[in-house]
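Here the structure is laid out as C-alpha cells; the discussion comes afterwards.
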Number of protein chains: 2
Amino acid sequence: MVHDSLSIGDLAKATATKVETIRYYERIGLLPTPERTAGNYRSYSAAHLGRLSFVRRARDLGFSIDQVRDLLGLSDQRDRSCEAVDAIARENLAEVERKIRDLQALRRELGSILSQCGCGTIAECRIIEALSPTAM
Amino acid sequence: MVHDSLSIGDLAKATATKVETIRYYERIGLLPTPERTAGNYRSYSAAHLGRLSFVRRARDLGFSIDQVRDLLGLSDQRDRSCEAVDAIARENLAEVERKIRDLQALRRELGSILSQCGCGTIAECRIIEALSPTAM
DNA sequence: TATGCACCCTGTAGCAACTACAGGGTCAAG
DNA sequence: CTTGACCCTGTAGTTGCTACAGGGTGCATA
C-alpha cells in the first residue's frame, strides 16, 4: 500500500454512488475537498472512502444530510465539549432504537407473509398494522 | 365510536405529518381519496390513519415512495398471484435485515460514545467505522 | 504520431418528495 | 355577524440528488 489513491470513478464504484453525487457532497461540504492530480483529477484516500461509505449508509437509513453532518461531527470534532457530543449521540441513539423497533416489526410481518405463501392467496395481511402507532 | 371521522388537520397531528404532505400523497395516489363533507372538507377514517402511519414510518426508514407503494400492495391486493407477492416480500425482507444490521452497528457506536462521555473529550471515536463496508 | 475511447472537469437543468405561500371559502364561538 | 382557526385549489420554492452539455485528460493501439 504505497499510493492507494482512488479516482472519483473508483470511489463511486466502491460505494455504489453516482460520480455526480460525490461531487455534490463535496460542494455542500459533506466530503472534504480532495487532492488534485496534475491533470486536475480528484484523488481520494482510504479516509474519503470510509467517510463516503458512512454517509451513504446513514442516508439509506433515513437520516437527513444535516443529521449525517451531526453524526460525522461526533468523530470529526473530538475536541468539542462533551455535553454537545453527548446530546447529539443521545438524541440519535433514541431515533436509531425507534427505527430498529419499526424495522423488526416490518421484518416479522414480511416473514409471516413468506411463510403463508406457497398456497394461493394471502390469508390475512397485517403489514399496515406492523408500522401503525399501536405497534410502538 | 360512532362517527370517528378526522379532518385533515386531525390526521396531520396524529401522524406528525404536514397537511400539505397528506394532500400530496393523495395527489400521487398513495392515499385513497377521502369522503368530503358538505363544505368540501376531506373526512378521514381510522383506515386512512393506519395507512398514513405506515407510509410515514416506511419513508422514515429510508424506503422510496415506489417501495412504499409495493409494500402497501402486499396488503391491498391479496387476490394477486402468490409469486408476485412473495417476490416483493422476499426482496424487501433482505433490505430490512440489512438496515437492521446497519442500525445495530450504529447503536453500538453511539452507546459507546455515551459510555465514554462524562470525562473531557472522546477517547477514540469509531462512528465512521460503524457503518463502513467492513462492518457488514 | 495520432486517434480513438474511457474517463475526468465545470457548469446547468431536471426530477423526486416534499414544503410554503397566495388567494379565497367554511364554520363554530362570542 | 364578524373574527379566528381551519379548510380548499393552485403554484412556486427547497432538498437531495441525477442527467446532460460542452469540453479536457490519458492511455492503448494502429
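If you're wondering about the labels, chains in the C-alpha cells are A, B, ... by order shown, residues count from 1 in each chain, ligands from 1 in order shown.
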Residues within 12 Å of DA21 in chain D, only C-alpha atoms (C1' of nucleotides), excluding chain neighbours under 3 positions, as an mmCIF file with N, CA and C atoms (P, O5', C5', C4', C3', O3' and C1' of nucleotides), in the first residue's frame:
```
data_model
loop_
_atom_site.group_PDB
_atom_site.id
_atom_site.type_symbol
_atom_site.label_atom_id
_atom_site.label_comp_id
_atom_site.auth_asym_id
_atom_site.auth_seq_id
_atom_site.Cartn_x
_atom_site.Cartn_y
_atom_site.Cartn_z
ATOM 1 P P DT C 10 -14.261 20.487 -11.191
ATOM 2 O "O5'" DT C 10 -15.046 21.505 -12.133
ATOM 3 C "C5'" DT C 10 -14.357 22.587 -12.760
ATOM 4 C "C4'" DT C 10 -15.330 23.336 -13.666
ATOM 5 C "C3'" DT C 10 -16.492 23.972 -12.910
ATOM 6 O "O3'" DT C 10 -16.631 25.341 -13.286
ATOM 7 C "C1'" DT C 10 -17.316 22.613 -14.686
ATOM 8 P P DG C 11 -17.747 26.269 -12.623
ATOM 9 O "O5'" DG C 11 -19.021 25.351 -12.451
ATOM 10 C "C5'" DG C 11 -20.321 25.894 -12.635
ATOM 11 C "C4'" DG C 11 -20.713 25.949 -14.100
ATOM 12 C "C3'" DG C 11 -22.221 26.133 -14.269
ATOM 13 O "O3'" DG C 11 -22.499 27.386 -14.889
ATOM 14 C "C1'" DG C 11 -21.456 24.121 -15.367
ATOM 15 P P DT C 12 -23.828 28.141 -14.418
ATOM 16 O "O5'" DT C 12 -24.998 27.244 -15.051
ATOM 17 C "C5'" DT C 12 -24.959 26.898 -16.440
ATOM 18 C "C4'" DT C 12 -26.052 25.881 -16.720
ATOM 19 C "C3'" DT C 12 -27.367 26.178 -15.983
ATOM 20 O "O3'" DT C 12 -28.446 25.925 -16.868
ATOM 21 C "C1'" DT C 12 -26.697 23.993 -15.547
ATOM 22 P P DA C 13 -29.942 26.478 -16.499
ATOM 23 O "O5'" DA C 13 -30.926 25.506 -17.301
ATOM 24 C "C5'" DA C 13 -30.414 24.510 -18.180
ATOM 25 C "C4'" DA C 13 -31.052 23.168 -17.868
ATOM 26 C "C3'" DA C 13 -32.465 23.259 -17.285
ATOM 27 O "O3'" DA C 13 -33.260 22.270 -17.913
ATOM 28 C "C1'" DA C 13 -31.116 21.929 -15.905
#
```
For the reference chain B, what are the coordinates of chain A after least-squares fitting (all Cα, in-order pairing), as a CSV table (one decimal) with N, CA and C atoms, in the first residue's frame?
```
chain,number,residue,atom,x,y,z
A,1,MET,N,-68.1,4.8,19.4
A,1,MET,CA,-67.5,5.0,18.0
A,1,MET,C,-68.6,5.0,16.9
A,2,VAL,N,-69.3,6.0,16.9
A,2,VAL,CA,-70.4,6.1,15.9
A,2,VAL,C,-69.9,6.8,14.6
A,3,HIS,N,-69.3,7.9,14.7
A,3,HIS,CA,-68.9,8.7,13.5
A,3,HIS,C,-67.4,9.2,13.8
A,4,ASP,N,-66.5,8.2,13.7
A,4,ASP,CA,-65.1,8.6,14.0
A,4,ASP,C,-64.4,9.1,12.7
A,5,SER,N,-64.9,10.2,12.2
A,5,SER,CA,-64.3,10.7,11.0
A,5,SER,C,-63.4,11.9,11.4
A,6,LEU,N,-62.2,12.0,10.7
A,6,LEU,CA,-61.2,13.0,11.0
A,6,LEU,C,-61.1,14.0,9.9
A,7,SER,N,-60.8,15.2,10.3
A,7,SER,CA,-60.5,16.3,9.4
A,7,SER,C,-59.0,16.1,9.0
A,8,ILE,N,-58.6,16.8,7.9
A,8,ILE,CA,-57.2,16.6,7.5
A,8,ILE,C,-56.3,17.1,8.6
A,9,GLY,N,-56.7,18.1,9.3
A,9,GLY,CA,-55.9,18.7,10.4
A,9,GLY,C,-55.7,17.7,11.5
A,10,ASP,N,-56.8,17.0,11.9
A,10,ASP,CA,-56.8,15.9,12.9
A,10,ASP,C,-55.8,14.8,12.5
A,11,LEU,N,-55.9,14.4,11.2
A,11,LEU,CA,-55.1,13.3,10.7
A,11,LEU,C,-53.6,13.8,10.7
A,12,ALA,N,-53.4,15.0,10.4
A,12,ALA,CA,-52.0,15.6,10.4
A,12,ALA,C,-51.4,15.5,11.8
A,13,LYS,N,-52.2,15.9,12.8
A,13,LYS,CA,-51.7,15.9,14.1
A,13,LYS,C,-51.4,14.5,14.6
A,14,ALA,N,-52.4,13.6,14.3
A,14,ALA,CA,-52.2,12.2,14.8
A,14,ALA,C,-51.0,11.5,14.2
A,15,THR,N,-50.5,11.9,13.0
A,15,THR,CA,-49.4,11.2,12.4
A,15,THR,C,-48.2,12.1,12.2
A,16,ALA,N,-48.2,13.3,12.9
A,16,ALA,CA,-47.1,14.2,12.8
A,16,ALA,C,-46.7,14.5,11.4
A,17,THR,N,-47.7,14.8,10.5
A,17,THR,CA,-47.5,15.0,9.1
A,17,THR,C,-48.0,16.4,8.8
A,18,LYS,N,-47.4,17.1,7.8
A,18,LYS,CA,-48.0,18.4,7.4
A,18,LYS,C,-49.2,18.1,6.6
A,19,VAL,N,-50.2,19.0,6.7
A,19,VAL,CA,-51.4,18.9,6.0
A,19,VAL,C,-51.1,18.9,4.4
A,20,GLU,N,-50.2,19.7,4.0
A,20,GLU,CA,-49.8,19.7,2.6
A,20,GLU,C,-49.3,18.4,2.1
A,21,THR,N,-48.6,17.7,3.0
A,21,THR,CA,-48.0,16.4,2.7
A,21,THR,C,-49.1,15.3,2.4
A,22,ILE,N,-50.1,15.4,3.3
A,22,ILE,CA,-51.3,14.5,3.1
A,22,ILE,C,-51.9,14.7,1.8
A,23,ARG,N,-52.2,16.0,1.4
A,23,ARG,CA,-52.8,16.3,0.1
A,23,ARG,C,-51.9,15.8,-1.0
A,24,TYR,N,-50.6,16.0,-0.8
A,24,TYR,CA,-49.6,15.5,-1.8
A,24,TYR,C,-49.7,14.0,-2.0
A,25,TYR,N,-49.7,13.2,-0.9
A,25,TYR,CA,-49.9,11.8,-1.0
A,25,TYR,C,-51.2,11.4,-1.7
A,26,GLU,N,-52.2,12.1,-1.5
A,26,GLU,CA,-53.5,11.8,-2.2
A,26,GLU,C,-53.3,12.1,-3.7
A,27,ARG,N,-52.6,13.2,-4.0
A,27,ARG,CA,-52.4,13.5,-5.4
A,27,ARG,C,-51.6,12.5,-6.2
A,28,ILE,N,-50.6,11.9,-5.5
A,28,ILE,CA,-49.8,10.9,-6.2
A,28,ILE,C,-50.3,9.5,-6.0
A,29,GLY,N,-51.5,9.4,-5.4
A,29,GLY,CA,-52.2,8.1,-5.3
A,29,GLY,C,-51.7,7.1,-4.2
A,30,LEU,N,-51.0,7.7,-3.2
A,30,LEU,CA,-50.5,6.9,-2.1
A,30,LEU,C,-51.6,6.7,-1.0
A,31,LEU,N,-52.4,7.7,-0.9
A,31,LEU,CA,-53.6,7.6,0.0
A,31,LEU,C,-54.9,7.7,-0.9
A,32,PRO,N,-55.9,6.9,-0.6
A,32,PRO,CA,-57.1,6.9,-1.4
A,32,PRO,C,-57.8,8.3,-1.2
A,33,THR,N,-58.6,8.7,-2.2
A,33,THR,CA,-59.3,10.0,-2.1
A,33,THR,C,-60.4,9.8,-1.0
A,34,PRO,N,-60.4,10.6,0.0
A,34,PRO,CA,-61.4,10.5,1.1
A,34,PRO,C,-62.8,11.0,0.7
A,35,GLU,N,-63.8,10.7,1.5
A,35,GLU,CA,-65.1,11.3,1.4
A,35,GLU,C,-64.9,12.8,1.6
A,36,ARG,N,-66.0,13.5,1.2
A,36,ARG,CA,-66.0,15.0,1.4
A,36,ARG,C,-67.2,15.4,2.2
A,37,THR,N,-67.1,16.4,3.0
A,37,THR,CA,-68.3,16.9,3.7
A,37,THR,C,-69.1,17.8,2.8
A,38,ALA,N,-70.3,18.3,3.3
A,38,ALA,CA,-71.1,19.2,2.5
A,38,ALA,C,-70.3,20.4,2.1
A,39,GLY,N,-69.4,20.9,3.0
A,39,GLY,CA,-68.6,22.1,2.7
A,39,GLY,C,-67.3,21.8,2.0
A,40,ASN,N,-67.2,20.5,1.4
A,40,ASN,CA,-66.0,20.1,0.6
A,40,ASN,C,-64.8,19.9,1.4
A,41,TYR,N,-64.9,19.6,2.7
A,41,TYR,CA,-63.7,19.2,3.5
A,41,TYR,C,-63.5,17.7,3.4
A,42,ARG,N,-62.2,17.3,3.4
A,42,ARG,CA,-61.9,15.9,3.4
A,42,ARG,C,-62.2,15.3,4.7
A,43,SER,N,-62.8,14.1,4.6
A,43,SER,CA,-63.2,13.4,5.8
A,43,SER,C,-62.6,12.0,5.9
A,44,TYR,N,-61.7,11.7,6.9
A,44,TYR,CA,-60.9,10.5,6.9
A,44,TYR,C,-61.4,9.5,8.0
A,45,SER,N,-61.2,8.2,7.7
A,45,SER,CA,-61.5,7.2,8.6
A,45,SER,C,-60.3,6.6,9.3
A,46,ALA,N,-60.5,5.7,10.2
A,46,ALA,CA,-59.4,5.0,10.9
A,46,ALA,C,-58.5,4.3,10.0
A,47,ALA,N,-59.1,3.8,8.9
A,47,ALA,CA,-58.3,3.1,7.9
A,47,ALA,C,-57.2,4.0,7.2
A,48,HIS,N,-57.7,5.2,7.0
A,48,HIS,CA,-56.8,6.2,6.4
A,48,HIS,C,-55.6,6.5,7.4
A,49,LEU,N,-56.0,6.6,8.7
A,49,LEU,CA,-55.0,6.9,9.7
A,49,LEU,C,-54.0,5.8,9.8
A,50,GLY,N,-54.4,4.5,9.7
A,50,GLY,CA,-53.5,3.4,9.7
A,50,GLY,C,-52.5,3.4,8.5
A,51,ARG,N,-53.1,3.7,7.4
A,51,ARG,CA,-52.3,3.7,6.1
A,51,ARG,C,-51.3,4.8,6.1
A,52,LEU,N,-51.7,6.0,6.6
A,52,LEU,CA,-50.8,7.1,6.6
A,52,LEU,C,-49.7,6.9,7.6
A,53,SER,N,-50.0,6.3,8.8
A,53,SER,CA,-49.0,6.0,9.8
A,53,SER,C,-47.9,5.1,9.2
A,54,PHE,N,-48.4,4.1,8.4
A,54,PHE,CA,-47.5,3.2,7.8
A,54,PHE,C,-46.6,3.9,6.8
A,55,VAL,N,-47.2,4.7,6.0
A,55,VAL,CA,-46.4,5.5,5.0
A,55,VAL,C,-45.3,6.3,5.6
A,56,ARG,N,-45.7,7.0,6.7
A,56,ARG,CA,-44.8,7.9,7.3
A,56,ARG,C,-43.6,7.2,7.9
A,57,ARG,N,-43.9,6.1,8.6
A,57,ARG,CA,-42.8,5.3,9.2
A,57,ARG,C,-41.9,4.6,8.2
A,58,ALA,N,-42.5,4.1,7.2
A,58,ALA,CA,-41.7,3.5,6.1
A,58,ALA,C,-40.8,4.5,5.5
A,59,ARG,N,-41.3,5.7,5.2
A,59,ARG,CA,-40.5,6.8,4.6
A,59,ARG,C,-39.4,7.1,5.6
A,60,ASP,N,-39.7,7.2,6.9
A,60,ASP,CA,-38.7,7.6,7.9
A,60,ASP,C,-37.6,6.5,7.9
A,61,LEU,N,-37.9,5.3,7.5
A,61,LEU,CA,-36.9,4.2,7.5
A,61,LEU,C,-36.1,4.1,6.2
A,62,GLY,N,-36.3,5.1,5.4
A,62,GLY,CA,-35.5,5.2,4.2
A,62,GLY,C,-36.1,4.5,3.0
A,63,PHE,N,-37.3,4.1,3.0
A,63,PHE,CA,-37.9,3.5,1.8
A,63,PHE,C,-38.4,4.6,0.9
A,64,SER,N,-38.3,4.4,-0.5
A,64,SER,CA,-38.8,5.4,-1.4
A,64,SER,C,-40.3,5.3,-1.5
A,65,ILE,N,-40.9,6.3,-2.1
A,65,ILE,CA,-42.3,6.3,-2.4
A,65,ILE,C,-42.7,5.0,-3.1
A,66,ASP,N,-42.0,4.6,-4.1
A,66,ASP,CA,-42.3,3.4,-4.9
A,66,ASP,C,-42.2,2.2,-4.1
A,67,GLN,N,-41.2,2.1,-3.2
A,67,GLN,CA,-41.1,0.9,-2.3
A,67,GLN,C,-42.2,0.9,-1.3
A,68,VAL,N,-42.7,2.0,-0.8
A,68,VAL,CA,-43.8,2.1,0.1
A,68,VAL,C,-45.1,1.6,-0.7
A,69,ARG,N,-45.2,2.0,-1.9
A,69,ARG,CA,-46.3,1.6,-2.8
A,69,ARG,C,-46.3,0.0,-2.9
A,70,ASP,N,-45.1,-0.5,-3.1
A,70,ASP,CA,-45.0,-2.0,-3.1
A,70,ASP,C,-45.5,-2.6,-1.8
A,71,LEU,N,-45.0,-2.1,-0.7
A,71,LEU,CA,-45.3,-2.7,0.6
A,71,LEU,C,-46.8,-2.6,0.8
A,72,LEU,N,-47.4,-1.4,0.5
A,72,LEU,CA,-48.8,-1.2,0.7
A,72,LEU,C,-49.6,-2.2,-0.2
A,73,GLY,N,-49.0,-2.5,-1.4
A,73,GLY,CA,-49.6,-3.4,-2.3
A,73,GLY,C,-49.7,-4.8,-1.7
A,74,LEU,N,-48.8,-5.2,-0.8
A,74,LEU,CA,-48.8,-6.5,-0.2
A,74,LEU,C,-50.1,-6.7,0.6
A,75,SER,N,-50.6,-5.6,1.2
A,75,SER,CA,-51.8,-5.7,2.0
A,75,SER,C,-53.1,-5.4,1.2
A,76,ASP,N,-52.9,-4.5,0.1
A,76,ASP,CA,-54.1,-4.1,-0.7
A,76,ASP,C,-54.6,-5.2,-1.6
A,77,GLN,N,-53.6,-5.8,-2.3
A,77,GLN,CA,-54.0,-6.7,-3.4
A,77,GLN,C,-53.8,-8.1,-3.0
A,78,ARG,N,-54.6,-8.6,-2.1
A,78,ARG,CA,-54.4,-10.0,-1.6
A,78,ARG,C,-55.0,-11.0,-2.6
A,79,ASP,N,-55.5,-10.5,-3.7
A,79,ASP,CA,-56.0,-11.4,-4.7
A,79,ASP,C,-54.9,-11.6,-5.8
A,80,ARG,N,-53.8,-10.9,-5.6
A,80,ARG,CA,-52.7,-11.0,-6.5
A,80,ARG,C,-52.0,-12.4,-6.5
A,81,SER,N,-51.3,-12.8,-7.5
A,81,SER,CA,-50.6,-14.0,-7.5
A,81,SER,C,-49.6,-14.1,-6.4
A,82,CYS,N,-49.5,-15.2,-5.8
A,82,CYS,CA,-48.6,-15.4,-4.6
A,82,CYS,C,-47.2,-15.2,-5.0
A,83,GLU,N,-46.7,-15.5,-6.2
A,83,GLU,CA,-45.3,-15.4,-6.6
A,83,GLU,C,-44.9,-13.9,-6.5
A,84,ALA,N,-45.8,-13.0,-7.0
A,84,ALA,CA,-45.4,-11.6,-7.1
A,84,ALA,C,-45.3,-11.1,-5.6
A,85,VAL,N,-46.3,-11.4,-4.8
A,85,VAL,CA,-46.3,-11.0,-3.4
A,85,VAL,C,-45.0,-11.5,-2.7
A,86,ASP,N,-44.7,-12.8,-2.9
A,86,ASP,CA,-43.6,-13.4,-2.3
A,86,ASP,C,-42.3,-12.7,-2.7
A,87,ALA,N,-42.2,-12.4,-4.0
A,87,ALA,CA,-40.9,-11.7,-4.5
A,87,ALA,C,-40.7,-10.4,-3.8
A,88,ILE,N,-41.8,-9.6,-3.7
A,88,ILE,CA,-41.7,-8.3,-3.1
A,88,ILE,C,-41.4,-8.4,-1.6
A,89,ALA,N,-42.0,-9.3,-1.0
A,89,ALA,CA,-41.8,-9.5,0.5
A,89,ALA,C,-40.4,-9.9,0.7
A,90,ARG,N,-39.9,-10.9,-0.1
A,90,ARG,CA,-38.5,-11.4,0.1
A,90,ARG,C,-37.5,-10.4,-0.1
A,91,GLU,N,-37.7,-9.6,-1.2
A,91,GLU,CA,-36.7,-8.5,-1.5
A,91,GLU,C,-36.7,-7.5,-0.4
A,92,ASN,N,-37.8,-7.1,0.1
A,92,ASN,CA,-37.9,-6.1,1.1
A,92,ASN,C,-37.4,-6.7,2.5
A,93,LEU,N,-37.6,-7.9,2.7
A,93,LEU,CA,-37.1,-8.5,3.9
A,93,LEU,C,-35.6,-8.5,4.0
A,94,ALA,N,-34.9,-8.7,2.9
A,94,ALA,CA,-33.5,-8.7,2.8
A,94,ALA,C,-33.0,-7.3,3.1
A,95,GLU,N,-33.7,-6.3,2.5
A,95,GLU,CA,-33.3,-4.9,2.8
A,95,GLU,C,-33.5,-4.5,4.2
A,96,VAL,N,-34.6,-4.9,4.8
A,96,VAL,CA,-35.0,-4.6,6.2
A,96,VAL,C,-33.9,-5.2,7.1
A,97,GLU,N,-33.5,-6.4,6.8
A,97,GLU,CA,-32.5,-7.1,7.7
A,97,GLU,C,-31.1,-6.4,7.6
A,98,ARG,N,-30.8,-5.9,6.4
A,98,ARG,CA,-29.5,-5.1,6.2
A,98,ARG,C,-29.6,-3.8,7.0
A,99,LYS,N,-30.8,-3.2,6.9
A,99,LYS,CA,-30.9,-1.9,7.7
A,99,LYS,C,-30.8,-2.1,9.2
A,100,ILE,N,-31.4,-3.2,9.6
A,100,ILE,CA,-31.4,-3.5,11.1
A,100,ILE,C,-29.9,-3.7,11.5
A,101,ARG,N,-29.2,-4.5,10.7
A,101,ARG,CA,-27.7,-4.7,11.1
A,101,ARG,C,-27.0,-3.4,11.1
A,102,ASP,N,-27.2,-2.5,10.1
A,102,ASP,CA,-26.5,-1.2,10.1
A,102,ASP,C,-26.9,-0.4,11.3
A,103,LEU,N,-28.2,-0.4,11.6
A,103,LEU,CA,-28.6,0.4,12.8
A,103,LEU,C,-28.1,-0.1,14.1
A,104,GLN,N,-27.9,-1.4,14.2
A,104,GLN,CA,-27.4,-2.0,15.4
A,104,GLN,C,-25.9,-1.7,15.6
A,105,ALA,N,-25.2,-1.6,14.4
A,105,ALA,CA,-23.8,-1.2,14.5
A,105,ALA,C,-23.7,0.3,14.9
A,106,LEU,N,-24.6,1.1,14.4
A,106,LEU,CA,-24.6,2.5,14.7
A,106,LEU,C,-25.0,2.7,16.2
A,107,ARG,N,-25.9,1.9,16.7
A,107,ARG,CA,-26.3,2.0,18.1
A,107,ARG,C,-25.2,1.6,19.0
A,108,ARG,N,-24.5,0.5,18.7
A,108,ARG,CA,-23.3,0.1,19.5
A,108,ARG,C,-22.3,1.3,19.6
A,109,GLU,N,-22.0,1.9,18.4
A,109,GLU,CA,-21.0,3.0,18.4
A,109,GLU,C,-21.5,4.2,19.2
A,110,LEU,N,-22.8,4.6,19.1
A,110,LEU,CA,-23.3,5.7,19.8
A,110,LEU,C,-23.3,5.4,21.3
A,111,GLY,N,-23.6,4.2,21.6
A,111,GLY,CA,-23.6,3.7,23.0
A,111,GLY,C,-22.2,3.8,23.6
A,112,SER,N,-21.2,3.5,22.8
A,112,SER,CA,-19.8,3.5,23.4
A,112,SER,C,-19.3,4.9,23.5
A,113,ILE,N,-19.8,5.8,22.6
A,113,ILE,CA,-19.5,7.2,22.8
A,113,ILE,C,-20.0,7.8,24.1
A,114,LEU,N,-21.3,7.4,24.4
A,114,LEU,CA,-21.9,7.9,25.6
A,114,LEU,C,-21.2,7.3,26.9
A,115,SER,N,-20.8,6.0,26.8
A,115,SER,CA,-20.2,5.4,28.0
A,115,SER,C,-18.8,6.0,28.2
A,116,GLN,N,-18.1,6.5,27.1
A,116,GLN,CA,-16.8,7.1,27.3
A,116,GLN,C,-17.0,8.5,27.9
A,117,CYS,N,-18.1,9.1,27.6
A,117,CYS,CA,-18.4,10.5,28.0
A,117,CYS,C,-18.4,10.7,29.5
A,118,GLY,N,-18.3,11.9,29.9
A,118,GLY,CA,-18.3,12.2,31.3
A,118,GLY,C,-16.9,12.5,31.7
A,119,CYS,N,-16.0,12.5,30.7
A,119,CYS,CA,-14.6,12.8,31.0
A,119,CYS,C,-14.2,14.1,30.5
A,120,GLY,N,-13.4,14.2,29.4
A,120,GLY,CA,-13.1,15.5,28.8
A,120,GLY,C,-13.2,15.5,27.3
A,121,THR,N,-12.5,14.6,26.6
A,121,THR,CA,-12.7,14.4,25.2
A,121,THR,C,-12.9,13.0,24.9
A,122,ILE,N,-13.3,12.7,23.6
A,122,ILE,CA,-13.5,11.3,23.2
A,122,ILE,C,-12.2,10.6,23.0
A,123,ALA,N,-12.1,9.4,23.6
A,123,ALA,CA,-10.8,8.7,23.5
A,123,ALA,C,-10.6,8.3,22.1
A,124,GLU,N,-11.5,7.5,21.5
A,124,GLU,CA,-11.3,7.1,20.2
A,124,GLU,C,-12.7,6.8,19.6
A,125,CYS,N,-13.0,7.5,18.5
A,125,CYS,CA,-14.3,7.4,17.9
A,125,CYS,C,-14.3,6.6,16.7
A,126,ARG,N,-15.1,5.5,16.7
A,126,ARG,CA,-15.1,4.6,15.5
A,126,ARG,C,-16.5,4.7,14.8
A,127,ILE,N,-17.1,5.9,14.9
A,127,ILE,CA,-18.4,6.0,14.3
A,127,ILE,C,-18.5,5.7,12.8
A,128,ILE,N,-17.4,6.2,12.1
A,128,ILE,CA,-17.4,6.0,10.7
A,128,ILE,C,-17.2,4.5,10.4
A,129,GLU,N,-16.3,3.8,11.1
A,129,GLU,CA,-16.1,2.4,10.9
A,129,GLU,C,-17.4,1.6,11.2
A,130,ALA,N,-18.3,2.2,12.0
A,130,ALA,CA,-19.6,1.5,12.4
A,130,ALA,C,-20.4,1.2,11.1
A,131,LEU,N,-20.4,2.1,10.2
A,131,LEU,CA,-21.2,1.9,9.0
A,131,LEU,C,-20.3,1.7,7.7
A,132,SER,N,-19.1,1.3,7.9
A,132,SER,CA,-18.2,1.1,6.7
A,132,SER,C,-18.4,-0.3,6.2
A,133,PRO,N,-17.9,-0.6,4.9
A,133,PRO,CA,-18.2,-1.8,4.3
A,133,PRO,C,-17.7,-3.0,5.1
A,134,THR,N,-16.6,-2.9,5.8
A,134,THR,CA,-16.1,-4.1,6.5
A,134,THR,C,-17.0,-4.5,7.7
A,135,ALA,N,-17.9,-3.6,8.1
A,135,ALA,CA,-18.8,-3.9,9.2
A,135,ALA,C,-20.1,-4.7,8.7
A,136,MET,N,-20.0,-5.1,7.4
A,136,MET,CA,-21.2,-5.8,6.9
A,136,MET,C,-21.3,-7.2,7.5
```
Could you produce a table of the residues of chain D lying within 12 Å of chain B, with the nearest pair of atoms per residue and their separation in Å rounded to one decimal, using only C-alpha atoms (C1' of nucleotides), ordered by chain and increasing residue number, as JSON lines?
```
{"residue": "D:DA5", "atom": "C1'", "partner": "B:Gly9", "partner_atom": "CA", "distance": 11.0}
{"residue": "D:DC6", "atom": "C1'", "partner": "B:Gly9", "partner_atom": "CA", "distance": 8.1}
{"residue": "D:DC7", "atom": "C1'", "partner": "B:Tyr41", "partner_atom": "CA", "distance": 6.2}
{"residue": "D:DC8", "atom": "C1'", "partner": "B:Tyr41", "partner_atom": "CA", "distance": 7.5}
{"residue": "D:DT9", "atom": "C1'", "partner": "B:Arg23", "partner_atom": "CA", "distance": 10.8}
```
With C-alpha atoms (C1' of nucleotides) retained, write the just-selected residues as a tab-separated table (two decimals), in the first residue's frame.
```tsv
chain	number	residue	atom	x	y	z
D	5	DA	C1'	-58.94	28.84	13.20
D	6	DC	C1'	-59.34	25.85	9.97
D	7	DC	C1'	-60.10	24.12	5.09
D	8	DC	C1'	-59.83	24.49	-0.30
D	9	DT	C1'	-57.02	24.73	-5.03
```
Discussion item. I need the residues of chain A that end up classed as strand (DSSP E) by DSSP on the backbone, written out as a PyMOL selection string.
Written reply: chain A and resi 35-36+42-43
Worksheet item: In Å, with one decimal, what is the gap from C1' of DC15 in chain C to C1' of DT18 in chain D?
Response: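 We find that C1' of DC15 in chain C and C1' of DT18 in chain D lie 7.6 Å from each other.
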Discussion item. Just want the 12 Å neighbourhood of DT1 in chain C, counted on only C-alpha atoms (C1' of nucleotides), with same-chain residues fewer than 2 positions away dropped. Output as a VMD selection string.
Written reply: (chain C and resid 3) or (chain D and resid 29 to 30)
So that I have them on file, write out the residues from the current selection with C-alpha atoms (C1' of nucleotides), as a tab-separated table (two decimals), in the first residue's frame.
```
chain	number	residue	atom	x	y	z
C	3	DT	C1'	-6.72	8.83	-32.95
D	29	DT	C1'	-3.05	0.76	-30.24
D	30	DA	C1'	-2.93	1.27	-35.41
```
Using only C-alpha atoms (C1' of nucleotides), tabulate the residues of chain C lying at most 8 Å from any atom of chain B, each with its closest atom pair and that distance in Å to one decimal, by chain and increasing residue number, as CSV.
```
residue,atom,partner,partner_atom,distance
C:DC18,C1',B:Thr21,CA,6.6
C:DT19,C1',B:Glu20,CA,7.3
C:DT26,C1',B:Gly39,CA,6.2
```
Would you mind exporting the chosen residues as a PDB file, in the first residue's frame, restricted to N, CA and C atoms (P, O5', C5', C4', C3', O3' and C1' of nucleotides)?
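Okay, part_1.pdb is ready:
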```
ATOM      1  P    DC C  18     -42.180  12.348   1.018  1.00  0.00           P
ATOM      2  O5'  DC C  18     -43.270  13.456   0.629  1.00  0.00           O
ATOM      3  C5'  DC C  18     -43.469  14.587   1.448  1.00  0.00           C
ATOM      4  C4'  DC C  18     -42.314  15.567   1.377  1.00  0.00           C
ATOM      5  C3'  DC C  18     -42.545  16.807   2.208  1.00  0.00           C
ATOM      6  O3'  DC C  18     -41.411  17.068   3.030  1.00  0.00           O
ATOM      7  C1'  DC C  18     -41.965  17.397  -0.001  1.00  0.00           C
ATOM      8  P    DT C  19     -41.652  17.887   4.412  1.00  0.00           P
ATOM      9  O5'  DT C  19     -41.907  19.383   3.931  1.00  0.00           O
ATOM     10  C5'  DT C  19     -40.808  20.191   3.571  1.00  0.00           C
ATOM     11  C4'  DT C  19     -41.284  21.586   3.214  1.00  0.00           C
ATOM     12  C3'  DT C  19     -42.332  22.181   4.156  1.00  0.00           C
ATOM     13  O3'  DT C  19     -41.794  23.422   4.587  1.00  0.00           O
ATOM     14  C1'  DT C  19     -42.968  22.475   1.904  1.00  0.00           C
ATOM     15  P    DT C  26     -67.873  28.148   1.045  1.00  0.00           P
ATOM     16  O5'  DT C  26     -67.185  27.646   2.386  1.00  0.00           O
ATOM     17  C5'  DT C  26     -66.701  26.292   2.465  1.00  0.00           C
ATOM     18  C4'  DT C  26     -66.585  25.871   3.922  1.00  0.00           C
ATOM     19  C3'  DT C  26     -67.870  25.947   4.739  1.00  0.00           C
ATOM     20  O3'  DT C  26     -67.912  24.782   5.541  1.00  0.00           O
ATOM     21  C1'  DT C  26     -66.182  27.186   5.798  1.00  0.00           C
TER      22       DT C  26
END
```
Worksheet item: What is the C1' of DC9 in chain C to C1' of DT14 in chain D distance in Å?
Response: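 If I compute the distance from C1' of DC9 in chain C to C1' of DT14 in chain D, I get 27.2 Å.
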